[in-house]
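Visitor: The structure follows.
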Amino acid sequence: PRGAVDLAVAFHKRGDDAMVAALAELDKASDGAPLRYRDKVTRAVRTRLEVVKDREAVRRGTTLFALPIYAPDGAKLIWGTSDRIWTVLGDTARDFNWYSKRATLSGVYSSTVLYWLGDDSLDHQATWEFLDRRIEDVMRFEKTKAKVRENPLLKRVFAGPEKVLGSIRAPRAVRENDLPGGWTAPR
């Protein structure tokens, strides 16, 4: 009914479905060696971009979702892609971490897409290096958070905010394994 924007939404969701299928195939073909989460996330984002058959369609969709009237649709799609990635990776968070993981990955994914759209390097090597740097940035932040939690003084300073954040729960559908589109959260 909304013309081009609904077509762009359908194209994006088809890409998410293709990513999930490609990741399932990669898991079947793997040698069984466990990957670190950072490697799993990197592989998922990279796979999401690699399943795209028409980069120009992504460019035009991105332009469309940059319009103020369609920006909420674009943000919802990015969040949805991040949610699909974490769900496929087996995320079991049901607290504030459910939100923070998706918000962080949304930033990494969206910035990587924008970089990828302008990347003319051989086999998108510059994009994969950019993605690795973004994941490394997230890991540095996580290491800093861990150090703050270990510091007795800072632990007391952040006890109140952490208690408030700890009371936040994932949406009811996620907690009850009733995800939209027939997804099932791992237990």
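By order in the structure tokens, chains are A, B, ...; within a chain, residues start at 1; ligands start at 1, following the order shown.
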Find the nearest atom pair between each residue of stretch 62-82 of chain A and stretch 114-124 of chain A for residues within 12 Å, count only C-alpha atoms, give distances in Å to one decimal, sort rows by chain and ascending number, and present the table as a Markdown table.

Guide:
```
| residue | atom | partner | partner_atom | distance |
| --- | --- | --- | --- | --- |
| A:Thr62 | CA | A:Leu114 | CA | 8.6 |
| A:Thr63 | CA | A:Leu114 | CA | 10.7 |
| A:Ala66 | CA | A:Leu114 | CA | 11.8 |
```

Visitor: Generate a file of the selected residues that holds C-alpha atoms, formatted as a PDB file, in the first residue's frame.

Guide:
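Result saved to selection-v2.pdb:
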```
ATOM      1  CA  THR A  62      18.818   3.420   2.655  1.00  0.00           C
ATOM      2  CA  THR A  63      18.065   6.709   0.919  1.00  0.00           C
ATOM      3  CA  ALA A  66      16.716   8.400   5.565  1.00  0.00           C
TER       4      ALA A  66
END
```

Visitor: Taking only stretch 132-177 of chain A into account, list the residues labelled alpha helix (DSSP H) by DSSP (computed from the backbone), as a PyMOL selection string.

Guide: chain A and resi 132-150+152-157+159-166+172-175

Visitor: Just to confirm, what's the straight-line distance from atom CA of A:Tyr37 to atom CA of A:Phe96 in Å (one decimal)?

Guide: 18.5 Å

Visitor: Pick out the closest residue to A:Met139 from this set: A:Glu162, A:Asp83, A:Asp91, A:Asp39. Count only C-alpha atoms.

Guide: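 Distance minimum relative to A:Met139 lands on A:Asp39.
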
Visitor: Residues near A:Gly107, anyone? I mean within 10 Å using only C-alpha atoms, not counting same-chain ones fewer than 4 positions away, as a PyMOL selection string.

Guide: chain A and resi 78-79+82+102-103+111-113+134

Visitor: Produce a file of the selected residues containing N, CA, C and O atoms, as a CSV table (one decimal), in the first residue's frame.

Guide:
```
chain,number,residue,atom,x,y,z
A,78,ILE,N,16.6,-2.3,11.1
A,78,ILE,CA,17.9,-2.5,11.7
A,78,ILE,C,17.8,-3.2,13.0
A,78,ILE,O,18.6,-4.2,13.3
A,79,TRP,N,16.9,-2.8,13.9
A,79,TRP,CA,16.7,-3.5,15.1
A,79,TRP,C,16.3,-4.9,14.9
A,79,TRP,O,16.8,-5.9,15.5
A,82,SER,N,19.3,-7.0,13.9
A,82,SER,CA,20.1,-7.3,15.1
A,82,SER,C,19.5,-8.3,16.0
A,82,SER,O,20.2,-9.2,16.5
A,102,ARG,N,21.2,-5.7,21.4
A,102,ARG,CA,20.6,-5.3,20.1
A,102,ARG,C,20.9,-3.9,19.8
A,102,ARG,O,21.1,-3.6,18.6
A,103,ALA,N,20.9,-3.0,20.7
A,103,ALA,CA,21.3,-1.6,20.4
A,103,ALA,C,22.7,-1.5,20.0
A,103,ALA,O,23.0,-0.8,19.0
A,111,SER,N,26.4,1.1,10.7
A,111,SER,CA,27.6,1.8,10.3
A,111,SER,C,28.4,0.9,9.3
A,111,SER,O,28.9,1.4,8.3
A,112,THR,N,28.3,-0.4,9.4
A,112,THR,CA,29.0,-1.3,8.5
A,112,THR,C,28.3,-1.3,7.1
A,112,THR,O,29.0,-1.2,6.1
A,113,VAL,N,27.0,-1.2,7.1
A,113,VAL,CA,26.2,-1.1,5.9
A,113,VAL,C,26.6,0.1,5.1
A,113,VAL,O,26.8,0.1,3.9
A,134,ARG,N,35.1,-2.2,14.3
A,134,ARG,CA,33.9,-1.9,15.1
A,134,ARG,C,33.7,-2.9,16.2
A,134,ARG,O,33.4,-2.6,17.4
```

Visitor: Within 10 Å of stretch 17-26 of chain A, counting only C-alpha atoms, which residues show up once you throw out same-chain ones fewer than 2 positions away? Write them as a list in words, please.

Guide: Phe11, His12, Lys13, Arg14, Gly15, Lys28, Ala29, Ser30, Asp31, Lys40, Arg43, Ala44, Val45, Arg46, Thr47, Arg48, Leu49, Glu50, Val51, Val52, Thr81, Arg84, Ile85, Thr87, Val88 and Leu89 of chain A

Visitor: Considering only C-alpha atoms, can you say which of A:Ala4, A:Phe141, A:Asp16, A:Arg169 comes closest to A:Trp98?

Guide: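 Selected residue with least distance to A:Trp98: A:Arg169.
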
Visitor: Rounded to one decimal in Å, what is the spacing between atom CA of A:Tyr70 and atom CA of A:Val58?

Guide: 14.7 Å

Visitor: Enter the distance from atom CA of A:Asn151 to atom CA of A:Val108, in Å, rounded to one decimal.

Guide: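 Interatomic distance here is 28.3 Å.
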
Visitor: Pick from A:Gly90, A:Leu153, A:Val9, A:Pro171: nearest to A:Pro72, with only C-alpha atoms counted?

Guide: A:Val9

Visitor: Could you check the closest approach to A:Asp132 for each of A:Pro68, A:Lys101, A:Tyr109, A:Pro1 and tell me which residue wins, using only C-alpha atoms?

Guide: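 Residue with the minimum atom-to-atom distance to A:Asp132: A:Tyr109.
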